[in-house]
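This is query39.cif. It holds mmCIF, C-alpha atoms.
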```cif
data_run
#
loop_
_atom_site.group_PDB
_atom_site.id
_atom_site.type_symbol
_atom_site.label_atom_id
_atom_site.label_comp_id
_atom_site.auth_asym_id
_atom_site.auth_seq_id
_atom_site.Cartn_x
_atom_site.Cartn_y
_atom_site.Cartn_z
ATOM 1 C CA MET A 1 20.827 -2.560 62.674
ATOM 2 C CA VAL A 2 21.938 1.000 61.928
ATOM 3 C CA ASN A 3 24.495 2.343 64.384
ATOM 4 C CA GLN A 4 22.571 5.233 65.943
ATOM 5 C CA LYS A 5 25.738 6.695 67.469
ATOM 6 C CA LYS A 6 27.289 7.245 64.054
ATOM 7 C CA PRO A 7 25.660 9.874 61.798
ATOM 8 C CA PHE A 8 24.236 8.203 58.720
ATOM 9 C CA GLY A 9 23.400 11.304 56.689
ATOM 10 C CA PRO A 10 26.890 11.377 55.119
ATOM 11 C CA ASP A 11 26.540 7.729 54.065
ATOM 12 C CA LEU A 12 23.198 8.479 52.425
ATOM 13 C CA LYS A 13 24.815 11.375 50.591
ATOM 14 C CA LYS A 14 27.684 9.192 49.308
ATOM 15 C CA ILE A 15 25.282 6.535 48.109
ATOM 16 C CA ARG A 16 23.007 9.095 46.443
ATOM 17 C CA GLU A 17 25.875 10.823 44.655
ATOM 18 C CA ASN A 18 27.429 7.532 43.575
ATOM 19 C CA LYS A 19 24.105 6.472 42.049
ATOM 20 C CA GLY A 20 23.791 9.844 40.352
ATOM 21 C CA TYR A 21 20.457 10.633 42.046
ATOM 22 C CA THR A 22 19.418 14.192 42.836
ATOM 23 C CA GLN A 23 18.180 15.231 46.263
ATOM 24 C CA GLU A 24 14.728 15.788 44.747
ATOM 25 C CA VAL A 25 14.557 12.146 43.633
ATOM 26 C CA VAL A 26 15.669 10.760 47.012
ATOM 27 C CA ALA A 27 13.367 13.064 48.991
ATOM 28 C CA ARG A 28 10.275 12.275 46.880
ATOM 29 C CA ASN A 29 7.187 11.315 48.948
ATOM 30 C CA ALA A 30 9.255 11.686 52.143
ATOM 31 C CA MET A 31 10.049 15.384 52.573
ATOM 32 C CA SER A 32 10.966 18.517 50.678
ATOM 33 C CA ARG A 33 14.369 18.796 49.036
ATOM 34 C CA SER A 34 15.441 21.529 51.455
ATOM 35 C CA THR A 35 14.394 19.405 54.448
ATOM 36 C CA TYR A 36 16.262 16.430 53.013
ATOM 37 C CA THR A 37 19.389 18.585 52.644
ATOM 38 C CA ARG A 38 19.247 19.313 56.366
ATOM 39 C CA PHE A 39 18.693 15.608 57.084
ATOM 40 C CA GLU A 40 21.642 14.603 54.911
ATOM 41 C CA THR A 41 23.905 17.069 56.727
ATOM 42 C CA GLU A 42 22.690 15.854 60.145
ATOM 43 C CA ILE A 43 21.053 19.143 61.098
ATOM 44 C CA ILE A 44 17.770 17.315 61.718
ATOM 45 C CA THR A 45 16.595 13.732 62.211
ATOM 46 C CA THR A 46 13.566 12.120 60.640
ATOM 47 C CA THR A 47 10.851 9.579 61.346
ATOM 48 C CA VAL A 48 11.114 5.859 60.611
ATOM 49 C CA PRO A 49 8.526 5.931 57.753
ATOM 50 C CA LYS A 50 10.412 8.770 56.053
ATOM 51 C CA TYR A 51 13.721 6.965 56.535
ATOM 52 C CA PHE A 52 12.331 3.867 54.796
ATOM 53 C CA GLN A 53 10.897 5.989 51.980
ATOM 54 C CA ILE A 54 14.318 7.545 51.428
ATOM 55 C CA LEU A 55 15.905 4.102 51.247
ATOM 56 C CA ASN A 56 13.189 3.007 48.842
ATOM 57 C CA ASN A 57 13.998 5.990 46.625
ATOM 58 C CA LEU A 58 17.655 4.947 46.768
ATOM 59 C CA ASP A 59 16.654 1.408 45.671
ATOM 60 C CA MET A 60 18.196 0.003 48.833
ATOM 61 C CA SER A 61 16.992 -2.130 51.732
ATOM 62 C CA HIS A 62 17.523 -1.254 55.374
ATOM 63 C CA LYS A 63 19.641 -4.396 55.706
ATOM 64 C CA GLU A 64 22.012 -3.318 52.935
ATOM 65 C CA PHE A 65 22.273 0.246 54.196
ATOM 66 C CA SER A 66 22.990 -0.975 57.724
ATOM 67 C CA TYR A 67 25.815 -3.144 56.339
ATOM 68 C CA ILE A 68 27.313 -0.220 54.381
ATOM 69 C CA HIS A 69 26.878 2.133 57.340
ATOM 70 C CA ASN A 70 28.824 -0.335 59.484
ATOM 71 C CA LYS A 71 31.738 -0.180 57.004
ATOM 72 C CA TYR A 72 30.690 -3.390 55.247
ATOM 73 C CA HIS A 73 30.691 -5.372 58.473
ATOM 74 C CA LEU A 74 27.907 -7.075 60.375
ATOM 75 C CA SER A 75 26.906 -5.793 63.785
ATOM 76 C CA ASP A 76 27.599 -8.126 66.715
ATOM 77 C CA LYS A 77 24.038 -9.463 66.710
ATOM 78 C CA GLU A 78 23.903 -9.760 62.929
ATOM 79 C CA ALA A 79 27.158 -11.754 63.008
ATOM 80 C CA ILE A 80 25.687 -14.171 65.580
ATOM 81 C CA LEU A 81 22.528 -14.607 63.496
ATOM 82 C CA TYR A 82 24.554 -15.085 60.304
ATOM 83 C CA GLN A 83 26.675 -17.807 61.892
ATOM 84 C CA PHE A 84 23.625 -19.486 63.368
ATOM 85 C CA ASN A 85 21.857 -19.543 60.015
ATOM 86 C CA SER A 86 24.970 -21.001 58.379
ATOM 87 C CA VAL A 87 25.740 -23.708 60.922
ATOM 88 C CA THR A 88 24.448 -27.255 60.457
ATOM 89 C CA THR A 89 23.437 -29.742 63.121
ATOM 90 C CA ASN A 90 26.455 -31.914 62.346
ATOM 91 C CA SER A 91 28.986 -29.098 62.675
ATOM 92 C CA ASP A 92 32.111 -29.900 64.676
ATOM 93 C CA LEU A 93 31.803 -29.460 68.422
ATOM 94 C CA LEU A 94 34.598 -26.910 68.669
ATOM 95 C CA LEU A 95 32.744 -24.604 66.282
ATOM 96 C CA LEU A 96 29.499 -25.019 68.233
ATOM 97 C CA LYS A 97 31.275 -24.211 71.506
ATOM 98 C CA THR A 98 32.896 -21.127 69.958
ATOM 99 C CA LEU A 99 29.613 -19.825 68.562
ATOM 100 C CA LYS A 100 27.835 -20.491 71.854
ATOM 101 C CA LEU A 101 30.516 -18.527 73.744
ATOM 102 C CA GLU A 102 30.177 -15.581 71.340
ATOM 103 C CA ALA A 103 26.413 -15.544 71.881
ATOM 104 C CA GLU A 104 26.852 -15.755 75.671
ATOM 105 C CA ASN A 105 29.325 -12.860 75.630
ATOM 106 C CA TYR A 106 26.787 -10.785 73.696
ATOM 107 C CA LEU A 107 24.184 -11.493 76.370
ATOM 108 C CA LEU A 108 26.472 -10.111 79.075
ATOM 109 C CA LYS A 109 25.704 -6.621 77.760
ATOM 110 C CA ASN A 110 22.411 -7.173 75.945
ATOM 111 C CA ASP A 111 19.107 -8.711 76.994
ATOM 112 C CA ASP A 112 17.970 -10.384 73.785
ATOM 113 C CA PRO A 113 15.401 -13.238 73.618
ATOM 114 C CA VAL A 114 16.524 -14.457 70.184
ATOM 115 C CA ILE A 115 20.181 -14.726 71.202
ATOM 116 C CA LYS A 116 19.069 -16.511 74.392
ATOM 117 C CA ASP A 117 17.221 -19.015 72.200
ATOM 118 C CA ILE A 118 20.313 -19.503 70.047
ATOM 119 C CA VAL A 119 22.399 -20.257 73.150
ATOM 120 C CA GLU A 120 19.837 -22.881 74.214
ATOM 121 C CA ILE A 121 19.887 -24.471 70.751
ATOM 122 C CA TYR A 122 23.692 -24.661 70.758
ATOM 123 C CA GLU A 123 23.531 -26.182 74.243
ATOM 124 C CA ALA A 124 20.968 -28.730 73.048
ATOM 125 C CA LEU A 125 23.211 -29.752 70.140
ATOM 126 C CA LEU A 126 26.284 -29.999 72.371
ATOM 127 C CA THR A 127 24.404 -31.964 75.040
ATOM 128 C CA LEU A 128 23.153 -34.446 72.459
ATOM 129 C CA ALA A 129 26.643 -34.837 70.992
ATOM 130 C CA HIS A 130 28.235 -35.446 74.407
ATOM 131 C CA THR A 131 25.563 -37.605 76.077
ATOM 132 C CA HIS A 132 23.475 -39.050 73.205
ATOM 133 C CA ASP A 133 20.566 -38.432 75.564
ATOM 134 C CA LEU A 134 17.696 -36.829 73.657
ATOM 135 C CA LYS A 135 15.802 -36.042 76.867
ATOM 136 C CA LEU A 136 18.665 -33.968 78.265
ATOM 137 C CA ALA A 137 19.024 -32.108 74.983
ATOM 138 C CA TYR A 138 15.262 -31.601 74.762
ATOM 139 C CA ALA A 139 15.313 -29.696 78.061
ATOM 140 C CA HIS A 140 17.154 -26.884 76.264
ATOM 141 C CA ALA A 141 15.081 -26.993 73.067
ATOM 142 C CA GLU A 142 11.935 -26.893 75.193
ATOM 143 C CA LYS A 143 12.899 -23.459 76.534
ATOM 144 C CA VAL A 144 12.895 -22.112 72.988
ATOM 145 C CA TRP A 145 9.549 -23.728 72.215
ATOM 146 C CA PHE A 146 8.062 -22.364 75.458
ATOM 147 C CA ARG A 147 8.560 -18.829 74.138
ATOM 148 C CA LEU A 148 7.623 -19.433 70.517
ATOM 149 C CA GLU A 149 4.489 -21.514 71.036
ATOM 150 C CA LYS A 150 2.767 -18.471 72.589
ATOM 151 C CA MET A 151 3.061 -16.461 69.373
ATOM 152 C CA ASP A 152 0.049 -16.219 67.067
ATOM 153 C CA LYS A 153 2.298 -15.919 64.040
ATOM 154 C CA TRP A 154 5.912 -16.845 63.377
ATOM 155 C CA TYR A 155 8.253 -14.632 61.370
ATOM 156 C CA LEU A 156 11.463 -15.572 59.578
ATOM 157 C CA THR A 157 13.656 -15.294 62.670
ATOM 158 C CA GLU A 158 11.374 -17.556 64.710
ATOM 159 C CA LEU A 159 11.009 -19.990 61.819
ATOM 160 C CA ARG A 160 14.785 -20.322 61.558
ATOM 161 C CA LEU A 161 14.947 -21.121 65.277
ATOM 162 C CA LEU A 162 12.204 -23.737 64.978
ATOM 163 C CA ASN A 163 13.843 -25.394 62.007
ATOM 164 C CA ASN A 164 16.861 -26.115 64.202
ATOM 165 C CA ILE A 165 14.966 -27.775 67.054
ATOM 166 C CA LEU A 166 12.339 -29.860 65.227
ATOM 167 C CA PHE A 167 14.148 -33.151 65.666
ATOM 168 C CA PHE A 168 14.252 -32.760 69.464
ATOM 169 C CA PHE A 169 10.487 -33.122 69.749
ATOM 170 C CA LEU A 170 8.084 -36.013 69.574
ATOM 171 C CA PRO A 171 6.873 -36.680 65.998
ATOM 172 C CA GLU A 172 3.371 -35.320 66.625
ATOM 173 C CA THR A 173 4.763 -32.020 67.961
ATOM 174 C CA SER A 174 7.228 -31.728 65.082
ATOM 175 C CA LEU A 175 4.413 -32.478 62.642
ATOM 176 C CA PHE A 176 2.280 -29.714 64.139
ATOM 177 C CA ILE A 177 5.168 -27.215 64.030
ATOM 178 C CA SER A 178 6.037 -28.085 60.411
ATOM 179 C CA LYS A 179 2.464 -27.685 59.157
ATOM 180 C CA ARG A 180 2.006 -24.380 60.956
ATOM 181 C CA ALA A 181 5.403 -23.113 59.800
ATOM 182 C CA LEU A 182 4.558 -23.825 56.166
ATOM 183 C CA LEU A 183 1.339 -21.819 56.505
ATOM 184 C CA ASP A 184 3.264 -18.825 57.868
ATOM 185 C CA LEU A 185 5.915 -19.170 55.155
ATOM 186 C CA ASN A 186 3.248 -18.811 52.459
ATOM 187 C CA ASN A 187 3.189 -15.120 53.382
ATOM 188 C CA TYR A 188 6.853 -14.816 52.347
ATOM 189 C CA ARG A 189 6.657 -16.258 48.830
ATOM 190 C CA HIS A 190 8.652 -13.312 47.425
ATOM 191 C CA PHE A 191 11.550 -13.819 49.854
ATOM 192 C CA ARG A 192 14.452 -15.992 48.730
ATOM 193 C CA GLU A 193 15.304 -16.909 52.316
ATOM 194 C CA ALA A 194 11.731 -18.078 52.866
ATOM 195 C CA THR A 195 12.005 -20.419 49.879
ATOM 196 C CA GLU A 196 14.955 -22.162 51.519
ATOM 197 C CA LEU A 197 13.099 -22.448 54.819
ATOM 198 C CA LYS A 198 9.940 -23.707 53.155
ATOM 199 C CA MET A 199 11.872 -26.470 51.436
ATOM 200 C CA ALA A 200 13.527 -27.456 54.725
ATOM 201 C CA PHE A 201 10.193 -27.638 56.556
ATOM 202 C CA SER A 202 8.617 -29.503 53.635
ATOM 203 C CA MET A 203 11.413 -32.079 53.759
ATOM 204 C CA ASN A 204 10.803 -32.508 57.475
ATOM 205 C CA LEU A 205 7.092 -32.914 56.802
ATOM 206 C CA VAL A 206 7.702 -35.701 54.269
ATOM 207 C CA TYR A 207 9.798 -37.582 56.826
ATOM 208 C CA LEU A 208 7.396 -36.975 59.719
ATOM 209 C CA LEU A 209 4.413 -38.197 57.701
ATOM 210 C CA MET A 210 6.392 -41.317 56.820
ATOM 211 C CA GLU A 211 7.099 -41.869 60.509
ATOM 212 C CA ASN A 212 3.382 -41.391 61.168
ATOM 213 C CA GLN A 213 2.586 -44.080 58.570
ATOM 214 C CA ASP A 214 0.648 -41.529 56.493
ATOM 215 C CA PHE A 215 2.302 -42.515 53.223
ATOM 216 C CA LYS A 216 -0.307 -41.037 50.876
ATOM 217 C CA GLN A 217 0.042 -37.550 52.354
ATOM 218 C CA SER A 218 3.795 -37.969 52.458
ATOM 219 C CA LEU A 219 3.809 -38.825 48.747
ATOM 220 C CA LEU A 220 1.821 -35.682 47.895
ATOM 221 C CA HIS A 221 4.303 -33.471 49.725
ATOM 222 C CA ALA A 222 7.287 -35.358 48.299
ATOM 223 C CA ASP A 223 6.086 -34.925 44.709
ATOM 224 C CA ALA A 224 5.567 -31.185 45.203
ATOM 225 C CA LEU A 225 8.984 -30.786 46.816
ATOM 226 C CA ILE A 226 10.676 -32.801 44.073
ATOM 227 C CA GLU A 227 9.502 -30.217 41.530
ATOM 228 C CA ASP A 228 10.800 -27.402 43.763
ATOM 229 C CA CYS A 229 14.175 -29.135 44.070
ATOM 230 C CA LYS A 230 14.450 -29.418 40.302
ATOM 231 C CA ALA A 231 13.625 -25.748 39.873
ATOM 232 C CA GLU A 232 16.159 -24.721 42.544
ATOM 233 C CA SER A 233 18.856 -27.258 41.515
ATOM 234 C CA LYS A 234 18.876 -28.781 45.020
ATOM 235 C CA TYR A 235 20.443 -32.079 44.020
ATOM 236 C CA ILE A 236 21.172 -33.527 47.465
ATOM 237 C CA MET A 237 17.625 -32.868 48.623
ATOM 238 C CA LEU A 238 16.301 -34.218 45.317
ATOM 239 C CA ALA A 239 18.274 -37.436 45.766
ATOM 240 C CA VAL A 240 16.960 -37.916 49.305
ATOM 241 C CA LEU A 241 13.412 -37.323 48.103
ATOM 242 C CA TYR A 242 13.777 -39.863 45.282
ATOM 243 C CA VAL A 243 14.841 -42.515 47.779
ATOM 244 C CA ARG A 244 12.054 -41.602 50.191
ATOM 245 C CA LYS A 245 9.536 -41.600 47.355
ATOM 246 C CA GLY A 246 10.737 -45.083 46.494
ATOM 247 C CA ILE A 247 10.175 -46.158 50.095
ATOM 248 C CA ILE A 248 6.704 -44.623 50.103
ATOM 249 C CA LEU A 249 5.756 -46.340 46.841
ATOM 250 C CA GLU A 250 6.960 -49.649 48.278
ATOM 251 C CA LYS A 251 4.730 -49.098 51.291
ATOM 252 C CA ILE A 252 1.670 -48.384 49.157
ATOM 253 C CA GLN A 253 2.258 -51.425 46.957
ATOM 254 C CA SER A 254 3.934 -49.991 43.875
ATOM 255 C CA GLU A 255 7.103 -52.078 43.936
ATOM 256 C CA LYS A 256 8.145 -51.547 40.296
ATOM 257 C CA ASP A 257 8.254 -47.739 40.469
ATOM 258 C CA SER A 258 9.782 -47.961 43.939
ATOM 259 C CA ALA A 259 13.037 -49.491 42.709
ATOM 260 C CA ILE A 260 13.331 -46.900 39.932
ATOM 261 C CA PHE A 261 13.184 -43.920 42.281
ATOM 262 C CA ILE A 262 15.492 -45.478 44.873
ATOM 263 C CA GLN A 263 18.108 -46.119 42.194
ATOM 264 C CA LYS A 264 17.743 -42.573 40.800
ATOM 265 C CA GLY A 265 18.407 -41.160 44.251
ATOM 266 C CA PHE A 266 21.487 -43.284 44.877
ATOM 267 C CA THR A 267 22.828 -42.545 41.374
ATOM 268 C CA ILE A 268 22.674 -38.777 42.008
ATOM 269 C CA LEU A 269 24.483 -39.116 45.348
ATOM 270 C CA GLU A 270 27.191 -41.260 43.768
ATOM 271 C CA ALA A 271 27.614 -38.761 40.946
ATOM 272 C CA ILE A 272 28.123 -35.829 43.328
ATOM 273 C CA GLU A 273 30.172 -38.001 45.716
ATOM 274 C CA GLU A 274 27.868 -37.622 48.717
ATOM 275 C CA LEU A 275 28.608 -41.142 49.895
ATOM 276 C CA GLU A 276 27.974 -40.495 53.583
ATOM 277 C CA ILE A 277 24.434 -39.363 52.832
ATOM 278 C CA LYS A 278 24.005 -42.422 50.595
ATOM 279 C CA LYS A 279 25.061 -44.633 53.493
ATOM 280 C CA GLU A 280 22.549 -42.976 55.838
ATOM 281 C CA LEU A 281 19.781 -43.415 53.273
ATOM 282 C CA GLU A 282 20.642 -47.081 52.856
ATOM 283 C CA GLN A 283 20.095 -47.480 56.599
ATOM 284 C CA GLU A 284 16.802 -45.591 56.333
ATOM 285 C CA LEU A 285 15.764 -47.812 53.445
ATOM 286 C CA SER A 286 16.527 -50.931 55.460
ATOM 287 C CA TYR A 287 14.611 -49.580 58.465
ATOM 288 C CA TYR A 288 11.418 -48.891 56.523
ATOM 289 C CA LEU A 289 11.406 -51.926 54.256
ATOM 290 C CA ASN A 290 12.082 -54.315 57.127
ATOM 291 C CA SER A 291 9.514 -52.795 59.482
#
```

As structure tokens - that is how I would like this structure written.
Amino acid sequence: MVNQKKPFGPDLKKIRENKGYTQEVVARNAMSRSTYTRFETEIITTTVPKYFQILNNLDMSHKEFSYIHNKYHLSDKEAILYQFNSVTTNSDLLLLKTLKLEAENYLLKNDDPVIKDIVEIYEALLTLAHTHDLKLAYAHAEKVWFRLEKMDKWYLTELRLLNNILFFFLPETSLFISKRALLDLNNYRHFREATELKMAFSMNLVYLLMENQDFKQSLLHADALIEDCKAESKYIMLAVLYVRKGIILEKIQSEKDSAIFIQKGFTILEAIEELEIKKELEQELSYYLNS
């Protein structure tokens, strides 16, 4: 967010001049040029709609301007969110503990529901790693779900939180969350970040439908996601989907095609040297074909 304590008129002026834009161009549909001059020199403030119109005229998002205004650094909250969005569930425990401590320190001075949720998610991951007890870990994930389930619509921040706690829930709950999340993500089709999230939820949906023995629906979602993976060059996800498609085809009595897709998936993982993922998929293959 923009640091309200630091005047941002001078930063707007630097950006405008560097782009070679006149004050008339930047002020268009927001205010008069003379009023904008006073705004740029911090004599007056302006409303939020006018601020966003000015940024629009500068061809800049609020997020980018906030970053520039903060001397090309993230704010404390933005840094916590950035780290959270970058971390994976199999990150080393020391990193998880460090990130959890940073989030807890932020909460000492700020009452923030999203950061509270992030702390609970880190605690859930750490609890599971230390105890291997899913019920104990679920107690923390449940606190996040308790807040989010009351919302009529989920936005990108909430969807990122949910994507990190899906595997703590029973399959039917995870299935419900995934389907609802994908509906909300359809509203963000022009957002790159939403594309990544949609693919993650779709992958979860394929797996959850397999667990629910709904192989026909799982195949439909897998085929659609395979095309997305090709378009986005997501080779690890594509390999996993090939293997899972092979499993699905085996389950619906199409043994010949099954072997082809399983081999394609393993070949990709060998080529990009993702042997640990290949090993996990071999275990998954054994589980499904022997059950």

Quiz item: What's the 7 Å shell around region 231-247 of chain A, counting only C-alpha atoms, without same-chain residues fewer than 2 positions away, as an MDAnalysis selection string?
Solution: chainID A and resid 219 222 226:229 249:251 258:259 261:262 264:266 268:269 285

Quiz prompt | Shell around Phe168 (chain A) at 8 Å using all atoms listed in the file, local window under 6 positions removed, as a PyMOL selection string | solution = chain A and resi 134+137-138+141

Quiz item: If you apply the PyMOL selection byres ((chain A and resi 115-130) around 8) to this file, what residues do you get, as a PyMOL selection string?
Solution: chain A and resi 77+80+84+89+93+96-97+99-100+103-104+107+112-114+131-134+136-141+143-144+161+164-165

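Put simply, CA of Leu185 (chain A) is 12.5 Å away from CA of Leu162 (chain A).
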
Could you give me, as a Markdown table, a per-residue list for region 69-154 of chain A showing, wherever an atom lies at most 12 Å from an atom of region 186-202 of chain A, the closest pair of atoms and their distance in Å to one decimal, using all atoms listed in the file and sorting by chain then residue number from low to high?
```
| residue | atom | partner | partner_atom | distance |
| --- | --- | --- | --- | --- |
| A:Asn85 | CA | A:Glu193 | CA | 10.4 |
| A:Lys153 | CA | A:Asn187 | CA | 10.7 |
| A:Trp154 | CA | A:Asn187 | CA | 10.5 |
```
